[in-house]
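**Q** Sharing upload.txt (compact mmCIF, C-alpha atoms and all ligand atoms) below.
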```
# COMPACT_ATOMS: atom_id res chain seq x y z
CA MET A 1 0.00 0.00 0.00
CA ALA A 2 1.42 3.38 -0.98
CA GLU A 3 1.91 5.71 1.91
CA SER A 4 2.40 9.41 1.55
CA PRO A 5 5.80 10.59 2.72
CA GLN A 6 4.14 13.36 4.70
CA VAL A 7 2.32 10.76 6.82
CA ALA A 8 5.43 8.62 7.24
CA LEU A 9 7.41 11.52 8.70
CA LYS A 10 4.95 12.39 11.43
CA ASP A 11 5.31 11.25 15.00
CA ASP A 12 2.72 9.07 16.69
CA PHE A 13 1.05 11.95 18.50
CA ALA A 14 0.42 13.82 15.25
CA LEU A 15 -0.90 10.65 13.61
CA VAL A 16 -3.22 9.92 16.54
CA ALA A 17 -4.62 13.44 16.31
CA GLU A 18 -5.24 13.03 12.57
CA ALA A 19 -6.75 9.58 13.02
CA LYS A 20 -9.10 10.98 15.67
CA ALA A 21 -10.10 13.65 13.18
CA GLY A 22 -11.01 10.92 10.69
CA SER A 23 -7.90 10.21 8.62
CA TYR A 24 -7.64 6.56 7.73
CA ALA A 25 -4.20 7.13 6.20
CA ALA A 26 -2.97 8.33 9.59
CA PHE A 27 -4.46 5.34 11.40
CA ASP A 28 -3.08 2.99 8.77
CA GLU A 29 0.41 4.44 9.28
CA LEU A 30 0.14 3.83 13.03
CA VAL A 31 -0.72 0.21 12.25
CA ASN A 32 2.19 -0.11 9.80
CA ARG A 33 4.56 1.25 12.38
CA HIS A 34 3.64 -1.07 15.22
CA GLU A 35 2.06 -4.21 13.72
CA LYS A 36 5.24 -6.27 13.63
CA LYS A 37 6.12 -5.66 17.27
CA ILE A 38 2.57 -6.30 18.45
CA TYR A 39 2.56 -9.59 16.52
CA ARG A 40 5.85 -10.58 18.13
CA LEU A 41 4.43 -9.72 21.54
CA GLY A 42 1.37 -11.88 20.87
CA LEU A 43 3.54 -14.71 19.60
CA ASN A 44 5.82 -14.75 22.63
CA LEU A 45 2.95 -14.28 25.04
CA THR A 46 0.61 -16.97 23.69
CA GLY A 47 3.17 -19.25 22.08
CA ASN A 48 1.30 -19.87 18.86
CA PRO A 49 0.82 -18.06 15.56
CA ALA A 50 -2.98 -18.38 15.40
CA ASP A 51 -3.42 -16.80 18.82
CA ALA A 52 -0.82 -14.17 17.96
CA GLU A 53 -2.86 -13.18 14.90
CA ASP A 54 -5.99 -12.89 17.06
CA VAL A 55 -4.12 -10.75 19.57
CA LEU A 56 -2.85 -8.53 16.77
CA GLN A 57 -6.28 -8.03 15.20
CA GLU A 58 -8.10 -7.57 18.49
CA ALA A 59 -5.51 -5.10 19.76
CA PHE A 60 -5.78 -2.85 16.71
CA LEU A 61 -9.56 -3.16 16.48
CA LYS A 62 -9.82 -2.15 20.13
CA ALA A 63 -7.31 0.64 19.60
CA PHE A 64 -9.49 1.90 16.76
CA VAL A 65 -12.69 1.73 18.79
CA HIS A 66 -11.13 3.35 21.85
CA LEU A 67 -9.03 5.90 20.01
CA PRO A 68 -11.34 8.75 21.07
CA ASP A 69 -10.61 7.82 24.71
CA PHE A 70 -6.84 7.74 24.24
CA ARG A 71 -5.35 10.60 26.20
CA GLU A 72 -2.03 11.90 25.06
CA ASP A 73 -0.44 11.57 28.49
CA SER A 74 1.22 8.31 27.51
CA ARG A 75 2.89 7.02 24.38
CA PHE A 76 0.53 5.52 21.83
CA TYR A 77 2.73 2.43 21.62
CA THR A 78 2.63 1.85 25.40
CA TRP A 79 -1.16 2.16 25.30
CA LEU A 80 -1.26 -0.36 22.45
CA VAL A 81 0.99 -2.78 24.34
CA ARG A 82 -1.35 -2.62 27.31
CA ILE A 83 -4.31 -3.56 25.10
CA ALA A 84 -2.35 -6.37 23.44
CA VAL A 85 -1.14 -7.81 26.75
CA ASN A 86 -4.70 -7.87 28.06
CA GLU A 87 -5.85 -9.66 24.92
CA GLY A 88 -3.01 -12.16 25.19
CA LEU A 89 -3.65 -12.92 28.85
CA MET A 90 -7.35 -13.34 28.12
CA LYS A 91 -6.46 -15.96 25.52
CA LEU A 92 -4.31 -17.81 28.03
CA ARG A 93 -7.07 -17.68 30.61
CA LYS A 94 -9.57 -19.14 28.18
CA ARG A 95 -7.17 -21.88 27.23
CA ARG A 96 -6.61 -22.75 30.87
CA SER A 97 -10.15 -22.30 32.10
CA ASP A 98 -10.66 -26.05 32.28
CA LYS A 99 -7.59 -26.45 34.46
CA SER A 100 -8.30 -23.62 36.88
CA VAL A 101 -4.78 -22.30 36.83
CA PRO A 102 -4.86 -18.62 37.68
CA ILE A 103 -2.71 -16.25 35.63
CA GLU A 104 -1.83 -14.09 38.60
CA ASP A 105 -0.42 -17.07 40.38
CA SER A 106 1.15 -16.54 43.75
CA VAL A 107 4.53 -17.07 42.20
CA ASP A 108 7.43 -17.81 44.43
CA GLU A 109 9.66 -14.77 44.08
CA GLU A 110 11.95 -15.64 46.94
CA GLY A 111 13.44 -19.13 46.60
CA ASP A 112 16.90 -19.67 45.20
CA VAL A 113 17.43 -19.79 41.49
CA MET A 114 20.80 -21.14 40.54
CA PRO A 115 22.10 -21.54 37.01
CA ARG A 116 22.77 -25.11 35.97
CA GLU A 117 24.05 -24.75 32.40
CA PHE A 118 27.59 -23.39 32.20
CA ALA A 119 28.64 -24.36 28.71
CA ASP A 120 29.70 -21.61 26.30
CA TRP A 121 27.20 -20.76 23.60
CA LYS A 122 27.91 -21.08 19.93
CA PRO A 123 28.70 -17.64 18.60
CA ASN A 124 25.82 -15.79 16.89
CA PRO A 125 23.10 -18.43 17.10
CA GLU A 126 20.85 -16.10 15.10
CA GLU A 127 23.08 -16.78 12.08
CA GLN A 128 23.11 -20.53 12.50
CA TYR A 129 19.40 -21.22 12.35
CA ALA A 130 16.70 -20.33 9.85
CA GLN A 131 14.60 -17.36 10.96
CA ALA A 132 11.45 -19.48 11.42
CA GLU A 133 13.41 -22.04 13.40
CA ILE A 134 14.91 -19.56 15.84
CA GLU A 135 11.57 -17.81 16.24
CA GLU A 136 10.08 -21.14 17.31
CA ILE A 137 12.96 -21.85 19.70
CA LEU A 138 12.48 -18.46 21.36
CA ARG A 139 8.74 -18.66 21.69
CA ASN A 140 8.87 -22.22 23.03
CA ALA A 141 11.42 -21.16 25.62
CA ALA A 142 9.13 -18.29 26.65
CA GLN A 143 6.33 -20.81 27.17
CA THR A 144 8.31 -22.52 29.92
CA LEU A 145 7.78 -19.40 32.06
CA SER A 146 4.55 -18.86 33.93
CA PRO A 147 2.42 -16.14 32.28
CA ALA A 148 3.20 -13.80 35.17
CA PHE A 149 6.95 -14.05 34.60
CA ARG A 150 6.63 -14.10 30.83
CA THR A 151 4.62 -10.89 30.82
CA VAL A 152 7.16 -9.05 32.95
CA PHE A 153 10.06 -10.21 30.78
CA LEU A 154 8.32 -9.18 27.55
CA LEU A 155 7.29 -5.77 28.88
CA ARG A 156 10.64 -4.89 30.44
CA ASP A 157 13.23 -6.50 28.20
CA VAL A 158 11.51 -6.64 24.84
CA GLU A 159 9.06 -3.73 24.81
CA GLY A 160 11.43 -1.56 26.81
CA LEU A 161 8.91 -0.39 29.40
CA SER A 162 10.36 0.96 32.64
CA THR A 163 10.09 -0.95 35.89
CA GLN A 164 7.40 1.46 37.03
CA GLU A 165 5.39 1.27 33.79
CA THR A 166 5.52 -2.51 34.01
CA ALA A 167 4.49 -2.48 37.67
CA ASP A 168 1.51 -0.24 36.85
CA MET A 169 0.46 -2.32 33.88
CA VAL A 170 0.66 -5.67 35.65
CA GLY A 171 -0.59 -4.36 39.00
CA ILE A 172 2.37 -5.45 41.13
CA SER A 173 5.09 -3.60 43.03
CA GLU A 174 8.33 -2.48 41.42
CA GLY A 175 10.17 -4.91 43.69
CA ALA A 176 8.04 -7.76 42.37
CA VAL A 177 8.78 -6.67 38.78
CA LYS A 178 12.51 -6.84 39.50
CA ALA A 179 12.25 -10.21 41.22
CA ARG A 180 10.23 -11.71 38.38
CA LEU A 181 12.48 -10.22 35.73
CA PHE A 182 15.57 -11.69 37.37
CA ARG A 183 14.11 -15.17 37.50
CA ALA A 184 12.64 -14.93 34.02
CA ARG A 185 15.99 -13.93 32.54
CA LEU A 186 17.79 -16.77 34.31
CA GLN A 187 15.20 -19.34 33.31
CA LEU A 188 15.13 -18.29 29.67
CA ARG A 189 18.89 -18.43 29.63
CA GLU A 190 18.76 -21.98 30.97
CA GLU A 191 16.25 -23.02 28.32
CA LEU A 192 18.15 -21.44 25.46
CA SER A 193 21.44 -22.87 26.73
CA LYS A 194 20.07 -26.36 26.09
CA VAL A 195 19.76 -25.43 22.41
CA PHE A 196 22.60 -22.97 21.83
CA LYS A 197 25.42 -24.50 23.86
CA ARG A 198 28.53 -25.54 22.03
CA GLY A 199 29.34 -29.16 21.41
CA MET B 200 33.06 -12.51 45.82
CA LYS B 201 31.29 -15.86 45.74
CA CYS B 202 29.53 -17.13 42.60
CA SER B 203 26.15 -17.03 44.35
CA ASP B 204 26.64 -13.34 45.23
CA CYS B 205 27.68 -12.71 41.67
CA PHE B 206 24.48 -14.27 40.20
CA GLN B 207 22.34 -12.23 42.55
CA GLN B 208 23.66 -9.06 40.88
CA LEU B 209 22.93 -10.24 37.32
CA SER B 210 19.88 -8.05 36.77
CA ASN B 211 21.33 -5.03 38.51
CA TYR B 212 24.44 -5.35 36.38
CA LEU B 213 22.58 -5.79 33.09
CA ASP B 214 20.33 -2.84 33.93
CA GLY B 215 23.24 -0.65 35.01
CA GLU B 216 21.72 -0.32 38.47
CA ILE B 217 24.82 -1.16 40.44
CA ASP B 218 27.20 1.09 42.31
CA ALA B 219 30.75 1.52 41.13
CA GLY B 220 32.42 -0.39 43.95
CA LEU B 221 30.26 -3.47 43.60
CA LYS B 222 30.60 -3.31 39.83
CA ARG B 223 34.37 -3.38 40.10
CA GLU B 224 34.23 -6.39 42.44
CA LEU B 225 31.84 -8.15 40.13
CA GLU B 226 33.91 -7.57 37.02
CA GLU B 227 36.96 -8.80 38.84
CA HIS B 228 35.09 -12.02 39.65
CA LEU B 229 33.82 -12.36 36.07
CA GLY B 230 37.40 -12.03 34.83
CA LYS B 231 38.47 -15.04 36.88
CA CYS B 232 35.33 -17.18 36.89
CA HIS B 233 34.43 -18.70 33.55
CA ARG B 234 31.11 -20.11 34.77
CA CYS B 235 29.82 -16.73 35.88
CA GLN B 236 31.15 -15.14 32.69
CA VAL B 237 29.14 -17.67 30.65
CA VAL B 238 25.98 -16.99 32.63
CA PHE B 239 26.28 -13.22 32.24
CA ASP B 240 27.14 -13.38 28.53
CA SER B 241 24.37 -15.81 27.70
CA ALA B 242 21.82 -13.86 29.75
CA ARG B 243 22.70 -10.73 27.78
CA LYS B 244 22.50 -12.69 24.53
CA THR B 245 19.10 -14.10 25.55
CA ILE B 246 17.68 -10.60 25.82
CA GLU B 247 19.31 -9.54 22.55
CA LEU B 248 17.74 -12.44 20.69
CA TYR B 249 14.22 -11.63 21.89
CA CYS B 250 14.75 -8.01 20.85
CA ASP B 251 16.15 -8.86 17.42
CA GLY B 252 13.50 -7.58 15.04
CA LYS B 253 14.82 -9.69 12.19
CA LEU B 254 13.94 -12.93 13.98
CA PHE B 255 10.20 -12.20 14.17
CA GLU B 256 8.57 -11.63 10.82
CA LEU B 257 4.96 -10.67 10.32
CA PRO B 258 3.64 -13.19 7.76
CA SER B 259 2.19 -11.35 4.75
CA GLY B 260 -1.13 -13.18 5.01
CA VAL B 261 -1.48 -12.05 8.61
CA ARG B 262 -0.71 -8.49 7.60
CA ASP B 263 -3.22 -8.53 4.72
CA ARG B 264 -6.00 -9.89 6.94
CA LEU B 265 -5.26 -7.30 9.61
CA HIS B 266 -5.47 -4.39 7.20
CA ALA B 267 -8.60 -5.77 5.56
CA ALA B 268 -10.32 -6.16 8.95
CA LEU B 269 -9.36 -2.65 10.02
CA ARG B 270 -10.41 -1.09 6.73
CA ARG B 271 -13.80 -2.87 7.01
CA ARG B 272 -14.25 -1.64 10.58
CA TRP B 273 -13.28 1.90 9.62
CA GLU B 274 -15.77 1.96 6.76
CA GLU B 275 -18.56 0.60 8.99
CA ALA B 276 -17.84 3.34 11.50
CA ALA B 277 -17.87 6.01 8.82
CA ARG B 278 -21.28 4.95 7.60
ZN ZN A 301 31.67 -17.27 39.71
```
For the file at hand, write its structure as structure tokens.
Ligand SMILES: [Zn+2]
**A**
Amino acid sequence: MAESPQVALKDDFALVAEAKAGSYAAFDELVNRHEKKIYRLGLNLTGNPADAEDVLQEAFLKAFVHLPDFREDSRFYTWLVRIAVNEGLMKLRKRRSDKSVPIEDSVDEEGDVMPREFADWKPNPEEQYAQAEIEEILRNAAQTLSPAFRTVFLLRDVEGLSTQETADMVGISEGAVKARLFRARLQLREELSKVFKRG
Amino acid sequence: MKCSDCFQQLSNYLDGEIDAGLKRELEEHLGKCHRCQVVFDSARKTIELYCDGKLFELPSGVRDRLHAALRRRWEEAAR
């Protein structure tokens, strides 16, 4: 789809204002800008492409419907991430409803986590696997985390939200964000070590 | 510094939330302890991989369906 250079140069705030005033081109540019990252978020959160597509569509449809309520006191992208995370967690809840596993589990943030894998990694694993293959490795590793830990990791380390933004979005303390992030990083590292270690 | 104390500082170190004295101690330990060095390097690499935009492509079919759905919704709303 051709996009006018004028639209492509504008920042999100300007595009949001134009979209609110009825410009589809402006809204479409916001979608172009953020669709890939929202899809990735959905993929890592839910662990499967079909759910990720639902998350992507629902997030942008909701963003469209609620655009008049969006107040420019936060970044558009952060607002979008919040919507997408809620959609993703809802999917997980539905999937688990028959097993009665709560998403906001009372996760153990205290106990010891000690690394077990100490082998060096192959250099540049991203160059040694096909893109689709490595994508699957990463999203499967993310699925070994509980949703509560996974969400914190994705918000902090991948979406680049601050500790406080993450705490607000998830509804936990900043200390809990840090504790979950620490454990999530270590656990993902363990999982990926199984695949990427040398030898 | 013991390895267990070193691990505990992993996040603080990666996030640059560590004071200079402790950082120096930690880097000294990392220089001598291969196991801790591996853990820190691979933890950093783990984060890099998840952030690597090239590794997560939006399939074109997914993109087409998204834009079609949004266009439809927009036109309904305009009616
Ligand atoms: Zn050590």
**Q** Closest to ligand ZN 301 (chain A) among A:Gly160, A:Gly42, A:Pro123, A:Pro115, using all atoms listed in the file?
**A** A:Pro115
**Q** Which polymer residues have any atom within 7 Å of an atom of A:Tyr39, counting all atoms listed in the file, with same-chain residues fewer than 4 positions away left out, as a count of residues only?
**A** 6
**Q** Counting only C-alpha atoms, which residues of chain B come no farther than 8 Å from chain A, as a ChimeraX atom specification?
**A** /B:203,206,209-210,234-235,237-238,241-242,245-246,248-250,252-257,261-262,265-266,268-269,272-273
**Q** Record the distance separating atom CA of A:Phe149 and atom CA of A:Arg180, expressed in Å with one decimal.
**A**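 These atoms are spaced 5.5 Å apart.
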**Q** Here is a test: counting all atoms listed in the file, which residue of B:Arg271, B:Lys244, B:Lys201, B:Arg223 is nearest to ligand ZN 301 (chain A)?
**A** B:Lys201
**Q** When you count all atoms listed in the file, which of these residues is closest to ligand ZN 301 (chain A): B:Glu274, B:Leu213, B:Ala219, B:Leu229?
**A**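 Looking only at the distances to ligand ZN 301 (chain A), the closest residue turns out to be B:Leu229.
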**Q** One decimal, Å: what's the distance from atom CA of A:Ala14 over to atom CA of B:Arg264, could you say?
**A** 25.9 Å
**Q** Using the atoms already present, construct N, CA, C and O atoms for stretch 233-249 of chain B and hand them back as a CSV table (one decimal), in the frame of the given file.
**A**
```
chain,number,residue,atom,x,y,z
B,233,HIS,N,35.0,-18.4,34.9
B,233,HIS,CA,34.4,-18.7,33.6
B,233,HIS,C,32.9,-19.0,33.6
B,233,HIS,O,32.2,-18.6,32.8
B,234,ARG,N,32.5,-19.7,34.6
B,234,ARG,CA,31.1,-20.1,34.8
B,234,ARG,C,30.2,-18.9,34.9
B,234,ARG,O,29.2,-18.7,34.2
B,235,CYS,N,30.6,-18.0,35.7
B,235,CYS,CA,29.8,-16.7,35.9
B,235,CYS,C,29.8,-15.9,34.6
B,235,CYS,O,28.8,-15.3,34.2
B,236,GLN,N,31.0,-15.9,34.0
B,236,GLN,CA,31.2,-15.1,32.7
B,236,GLN,C,30.2,-15.7,31.7
B,236,GLN,O,29.5,-14.9,31.0
B,237,VAL,N,30.1,-17.0,31.6
B,237,VAL,CA,29.1,-17.7,30.6
B,237,VAL,C,27.7,-17.3,31.0
B,237,VAL,O,26.9,-16.9,30.1
B,238,VAL,N,27.4,-17.3,32.2
B,238,VAL,CA,26.0,-17.0,32.6
B,238,VAL,C,25.6,-15.5,32.3
B,238,VAL,O,24.6,-15.3,31.7
B,239,PHE,N,26.5,-14.6,32.5
B,239,PHE,CA,26.3,-13.2,32.2
B,239,PHE,C,26.2,-13.0,30.7
B,239,PHE,O,25.3,-12.3,30.2
B,240,ASP,N,27.1,-13.6,30.0
B,240,ASP,CA,27.1,-13.4,28.5
B,240,ASP,C,25.9,-14.0,27.9
B,240,ASP,O,25.3,-13.3,27.0
B,241,SER,N,25.5,-15.2,28.3
B,241,SER,CA,24.4,-15.8,27.7
B,241,SER,C,23.0,-15.2,28.1
B,241,SER,O,22.1,-15.1,27.4
B,242,ALA,N,23.0,-14.6,29.3
B,242,ALA,CA,21.8,-13.9,29.8
B,242,ALA,C,21.7,-12.6,28.9
B,242,ALA,O,20.6,-12.3,28.4
B,243,ARG,N,22.8,-11.9,28.6
B,243,ARG,CA,22.7,-10.7,27.8
B,243,ARG,C,22.3,-11.1,26.4
B,243,ARG,O,21.4,-10.5,25.8
B,244,LYS,N,22.8,-12.2,25.9
B,244,LYS,CA,22.5,-12.7,24.5
B,244,LYS,C,21.0,-13.1,24.4
B,244,LYS,O,20.4,-12.9,23.4
B,245,THR,N,20.5,-13.7,25.5
B,245,THR,CA,19.1,-14.1,25.6
B,245,THR,C,18.2,-12.9,25.3
B,245,THR,O,17.3,-12.9,24.4
B,246,ILE,N,18.5,-11.8,26.0
B,246,ILE,CA,17.7,-10.6,25.8
B,246,ILE,C,17.8,-10.0,24.4
B,246,ILE,O,16.8,-9.7,23.8
B,247,GLU,N,19.1,-10.0,23.9
B,247,GLU,CA,19.3,-9.5,22.6
B,247,GLU,C,18.5,-10.3,21.5
B,247,GLU,O,18.0,-9.7,20.6
B,248,LEU,N,18.5,-11.6,21.7
B,248,LEU,CA,17.7,-12.4,20.7
B,248,LEU,C,16.2,-12.1,20.7
B,248,LEU,O,15.7,-12.0,19.6
B,249,TYR,N,15.7,-11.9,21.9
B,249,TYR,CA,14.2,-11.6,21.9
B,249,TYR,C,13.9,-10.2,21.3
B,249,TYR,O,12.8,-10.0,20.9
```
